[in-house]
Amino acid sequence: MDSRIKVQSPLVILHGDEMAQVAFEHILEKFVSARLDIQLEEIDLSAENRLLTNGQVVIDAIDALQRCGVGVKNAGMTVNRSQLEELLCKHPEVDANNLFSLATKSPNGAIRKGISGNITREDIQFRNLKISRPDWIGRDIEVDTMEFGGIKDSFNQLSEATGVVKLMFVGSSGDPVELHRREVRKGDPWLLATNDVEDVRAWAHRFFQRAVDEKRDVYLGLKDTVIPGYDGAMRTVIEDVYHSDYRKQLENLGLNYHYELIDAQAARIVSNPPKRALWGVPDNTTGRKLFKLVNQLREVGIPSRGAHVSISRMSAGGGDQYGSFNMPATEDGILKVIVDGDEKHARRVREGDPILLMSNDREAIKDWVTQVFRDASRKDKEVYFGLKREYMEYDEVFSNVITEVRRDLAREHTPPPSFMIMRPSSQLRKMITDPPRNALYPSQNLDGDIFSDISAALGGSLATASSIIESKDGTMLFEAPHGTAHDLYLKYLESEGREAHFNPSALIFALANALETLGEREDNQPLADYAIRLKSALTDTVDGGVVTADLKGKTVDPASEQVVDMAGFLAAVEGNLT
């Protein structure tokens, strides 16, 4: 007789890459297949399969989530240029000249936009973790950013009518060429940003020369996987300067160069700061935020965080850099933005200059703000918005929508939670250096990525945070906020599977959240109870001192910890699952 719990509703399973996928397969075997009679709609979202299907699997994933309503997503690898070239060499049958963007870009933004979902990330409440704050006071870390260009010197405004935004380019031929078009509605914000490639090159020379003169290790942070035609173009210029003029100088001085995606690097530097470093963040809006944070950390350090920190990201509209059109200019010429037939802005660009055009959806912003207030009220949280209203019409729409949602709530006799609007740099500093008792920090995509990785790292590990994507129609996608653990995967391969070091906590928690949601929706009490017991088994394991290597020394009693590998941790969770 089958003793497994019968589940009527299907569950969407989105597979990923590398060490996270190894863990995911073990989790599904132990905690789903062995215990539940459930239909799984499984889709391979690995980087290789996205390439082989020319991105079709991303569309399939969106369709499955919309049909089924609940899913679990594993971490997937977003390929950079060298990784893409390796995959293309492995699969010569793939036509590299006719690849759909979903074949090579991160699927996350497309999925969130496809299901109109906003993302909330917060700590998993392990009772036994007591994180030792890094000693930041007096650290000799400097942040260097570009003063001009980019979002700071963008042209941005709110659309005055419903229509089409077209980005036109006039080059040496004299004939206008349409680079991109997108629909906007009245009130939608849009923005054009560029960077002068010669300014980027000059900044790179100043940056690396400063590292040589001051004898500092070098850290460079960009988001070239998500914005390859903008941040990726800048990375190419900067690293060309490094390799041609400064690599040998730095190596001769015993100095190191580190490149990492800006969100992962920010988490690493803030939670485990080097003694002396020069941190290059070319994007000036991000750079100024991190510059102000680092200066405050050097003065006041990082206080203990007893508060529960949640970060909400506006993803439904595909707004800001994550939903942008981006590319380097192919030749010298003039860019023009045409909105509903009228020229709104023009600027000169030179060959290689990074170009970024982005917009957002006012209605999606309203859905997000409504969700933020609803979640904050339900969980008794204060809300701290971060907006650049003083010089960004693009951000002013968020302020207008907040006022509109407050009026809507008042008409429904629903008081909004306590909230404040501040600059994003102040929002970040408050989250790290002055957290209130229980708060939600709504952020746009890029800020949200950076802020949430910093917060998760200070909370113990990215594996100790949860991530929930919720759409207006009730579609729910639960995921782990961490990546694929490439370095751990290499060790796993080198040891032929004997060394499997990975913290699967976030994946287990995501699965349990999805199962609990299914249980509630189909009024399946045994399933809901099982999901709650699975969460308890996870937290009881860590509370009992059984931890993976990333949490070593981070419990209230380090002397009694039992550090185990991934298999040992999963076995311990299984043993606690009564």
# chains A, B, ... in the order shown; residues from 1 in each chain; ligands from 1
$ residues_around --residues "segment 139-155 of chain A" --least-positions-apart "3" --cutoff "9 Å" --atoms "only C-alpha atoms" --output "number ranges by chain"
A: 135-136, 190-196, 199-200, 203, 207, 216, 273-288, 290-292, 294-295, 297-298, 345, 354-356, 391-392
$ residues_around --residues "Ala512 of chain A" --least-positions-apart "3" --cutoff "10 Å" --atoms "only C-alpha atoms" --output "PyMOL selection string"
chain A and resi 31-32+72+478+506-509+515-518+527-528+530-536+538
$ atom_distance --atom1 "atom CA of Tyr492 of chain A" --atom2 "atom CA of Arg81 of chain A"
24.0 Å
$ residues_around --residues "segment 247-253 of chain A" --least-positions-apart "6" --cutoff "12 Å" --atoms "only C-alpha atoms" --output "short mmCIF file (atom, residue, chain, number, x, y, z; two decimals) with C-alpha atoms, in the first residue's frame"
data_model
loop_
_atom_site.label_atom_id
_atom_site.label_comp_id
_atom_site.auth_asym_id
_atom_site.auth_seq_id
_atom_site.Cartn_x
_atom_site.Cartn_y
_atom_site.Cartn_z
CA HIS A 205 43.86 54.06 -16.05
CA PHE A 208 44.62 50.92 -11.67
CA GLN A 209 47.32 53.58 -11.27
CA ARG A 210 45.82 54.50 -7.91
CA ALA A 211 46.00 50.84 -6.87
CA VAL A 212 49.68 50.75 -7.87
CA ASP A 213 50.52 54.03 -6.15
CA GLU A 214 48.67 53.13 -2.94
CA LYS A 215 49.63 49.45 -3.08
CA ARG A 216 46.09 48.12 -2.78
CA ASP A 217 44.48 44.89 -3.93
CA VAL A 218 41.99 45.58 -6.70
CA ILE A 238 38.57 48.16 -18.27
CA GLU A 239 40.12 44.71 -18.38
CA ASP A 240 41.90 45.50 -21.66
CA VAL A 241 43.56 48.41 -19.83
#
$ residues_around --residues "Ser467 of chain A" --least-positions-apart "2" --cutoff "9 Å" --atoms "only C-alpha atoms" --output "PyMOL selection string"
chain A and resi 119-123+465+469+477-481+506+510
$ write_last_selection --atoms "C-alpha atoms" --output "PDB file, in the first residue's frame"
ATOM      1  CA  ILE A 119      10.134  39.166  -5.372  1.00  0.00           C
ATOM      2  CA  THR A 120      10.522  39.261  -1.597  1.00  0.00           C
ATOM      3  CA  ARG A 121      13.657  37.960   0.093  1.00  0.00           C
ATOM      4  CA  GLU A 122      14.046  37.497   3.834  1.00  0.00           C
ATOM      5  CA  ASP A 123      15.986  35.553   6.422  1.00  0.00           C
ATOM      6  CA  ALA A 465      17.627  33.300   3.154  1.00  0.00           C
ATOM      7  CA  ILE A 469       7.967  35.552  -6.176  1.00  0.00           C
ATOM      8  CA  LEU A 477       7.429  30.746  -7.398  1.00  0.00           C
ATOM      9  CA  PHE A 478       9.748  29.822  -4.542  1.00  0.00           C
ATOM     10  CA  GLU A 479      13.504  29.773  -5.035  1.00  0.00           C
ATOM     11  CA  ALA A 480      16.862  29.811  -3.324  1.00  0.00           C
ATOM     12  CA  PRO A 481      18.541  33.234  -3.513  1.00  0.00           C
ATOM     13  CA  ALA A 506      17.433  27.548   1.108  1.00  0.00           C
ATOM     14  CA  ALA A 510      11.749  26.900  -0.897  1.00  0.00           C
TER      15      ALA A 510
END
$ residues_around --residues "segment 373-386 of chain A" --least-positions-apart "5" --cutoff "8 Å" --atoms "only C-alpha atoms" --output "PyMOL selection string"
chain A and resi 416-427+436+438-443
$ write_last_selection --atoms "C-alpha atoms" --output "PDB file, in the first residue's frame"
ATOM      1  CA  PRO A 416      -1.050  51.608   5.506  1.00  0.00           C
ATOM      2  CA  PRO A 417       1.943  50.493   7.567  1.00  0.00           C
ATOM      3  CA  SER A 418       4.450  53.008   8.848  1.00  0.00           C
ATOM      4  CA  PHE A 419       6.727  54.003   5.967  1.00  0.00           C
ATOM      5  CA  MET A 420       9.405  56.462   4.896  1.00  0.00           C
ATOM      6  CA  ILE A 421      10.868  57.505   1.533  1.00  0.00           C
ATOM      7  CA  MET A 422      14.613  58.147   1.456  1.00  0.00           C
ATOM      8  CA  ARG A 423      17.499  58.055  -0.972  1.00  0.00           C
ATOM      9  CA  PRO A 424      18.656  54.535  -1.922  1.00  0.00           C
ATOM     10  CA  SER A 425      22.043  55.207  -0.305  1.00  0.00           C
ATOM     11  CA  SER A 426      20.310  56.085   2.981  1.00  0.00           C
ATOM     12  CA  GLN A 427      18.078  53.045   2.601  1.00  0.00           C
ATOM     13  CA  PRO A 436      14.686  48.879  13.066  1.00  0.00           C
ATOM     14  CA  ASN A 438      11.170  44.605  11.805  1.00  0.00           C
ATOM     15  CA  ALA A 439      11.380  46.206   8.380  1.00  0.00           C
ATOM     16  CA  LEU A 440      10.754  45.771   4.681  1.00  0.00           C
ATOM     17  CA  TYR A 441      13.043  47.556   2.194  1.00  0.00           C
ATOM     18  CA  PRO A 442      11.469  47.911  -1.278  1.00  0.00           C
ATOM     19  CA  SER A 443      14.095  48.383  -4.002  1.00  0.00           C
TER      20      SER A 443
END
$ select_by_dssp --residues "segment 344-510 of chain A" --states "strand (DSSP E or B)" --output "VMD selection string"
chain A and resid 344 to 349 354 to 359 382 to 386 419 to 422 438 to 443 465 to 471 476 to 479
$ residues_around --residues "Lys223 of chain A" --least-positions-apart "4" --cutoff "7 Å" --atoms "only C-alpha atoms" --output "JSON, numbers by chain"
{"A": [227, 231, 261, 262]}
$ write_last_selection --atoms "all heavy atoms" --output "tab-separated table (two decimals), in the first residue's frame"
chain	number	residue	atom	x	y	z
A	227	ILE	N	23.52	42.78	-18.00
A	227	ILE	CA	23.57	43.95	-18.88
A	227	ILE	C	24.82	43.84	-19.77
A	227	ILE	O	25.73	44.67	-19.69
A	227	ILE	CB	23.60	45.26	-18.08
A	227	ILE	CG1	22.82	45.14	-16.76
A	227	ILE	CG2	23.04	46.42	-18.91
A	227	ILE	CD1	23.00	46.30	-15.83
A	231	ASP	N	27.24	47.06	-19.04
A	231	ASP	CA	28.29	46.72	-18.09
A	231	ASP	C	29.33	45.81	-18.73
A	231	ASP	O	30.53	45.91	-18.45
A	231	ASP	CB	27.69	46.04	-16.87
A	231	ASP	CG	27.15	47.05	-15.86
A	231	ASP	OD1	26.80	48.17	-16.28
A	231	ASP	OD2	27.07	46.73	-14.66
A	261	LEU	N	30.67	39.67	-10.03
A	261	LEU	CA	29.42	40.40	-10.19
A	261	LEU	C	29.19	41.29	-8.97
A	261	LEU	O	29.45	40.89	-7.84
A	261	LEU	CB	28.25	39.43	-10.37
A	261	LEU	CG	28.26	38.61	-11.65
A	261	LEU	CD1	27.07	37.65	-11.66
A	261	LEU	CD2	28.24	39.48	-12.88
A	262	ILE	N	28.69	42.49	-9.20
A	262	ILE	CA	28.66	43.50	-8.16
A	262	ILE	C	27.86	43.07	-6.93
A	262	ILE	O	28.24	43.39	-5.80
A	262	ILE	CB	28.14	44.84	-8.72
A	262	ILE	CG1	28.20	45.94	-7.67
A	262	ILE	CG2	26.74	44.69	-9.28
A	262	ILE	CD1	29.60	46.20	-7.12
$ residues_around --residues "Asn576 of chain A" --least-positions-apart "6" --cutoff "8 Å" --atoms "only C-alpha atoms" --output "list of chain:residue names"
A:Ala537, A:Leu538, A:Asp540, A:Thr541
$ select_by_dssp --residues "segment 197-310 of chain A" --states "helix (DSSP H, G or I)" --output "PyMOL selection string"
chain A and resi 197-214+231-252+262-271+284-300
$ closest_residue --among "A:Gly109, A:Gly69, A:Gly575, A:Gly16" --to "Thr225 of chain A" --atoms "only C-alpha atoms"
A:Gly109
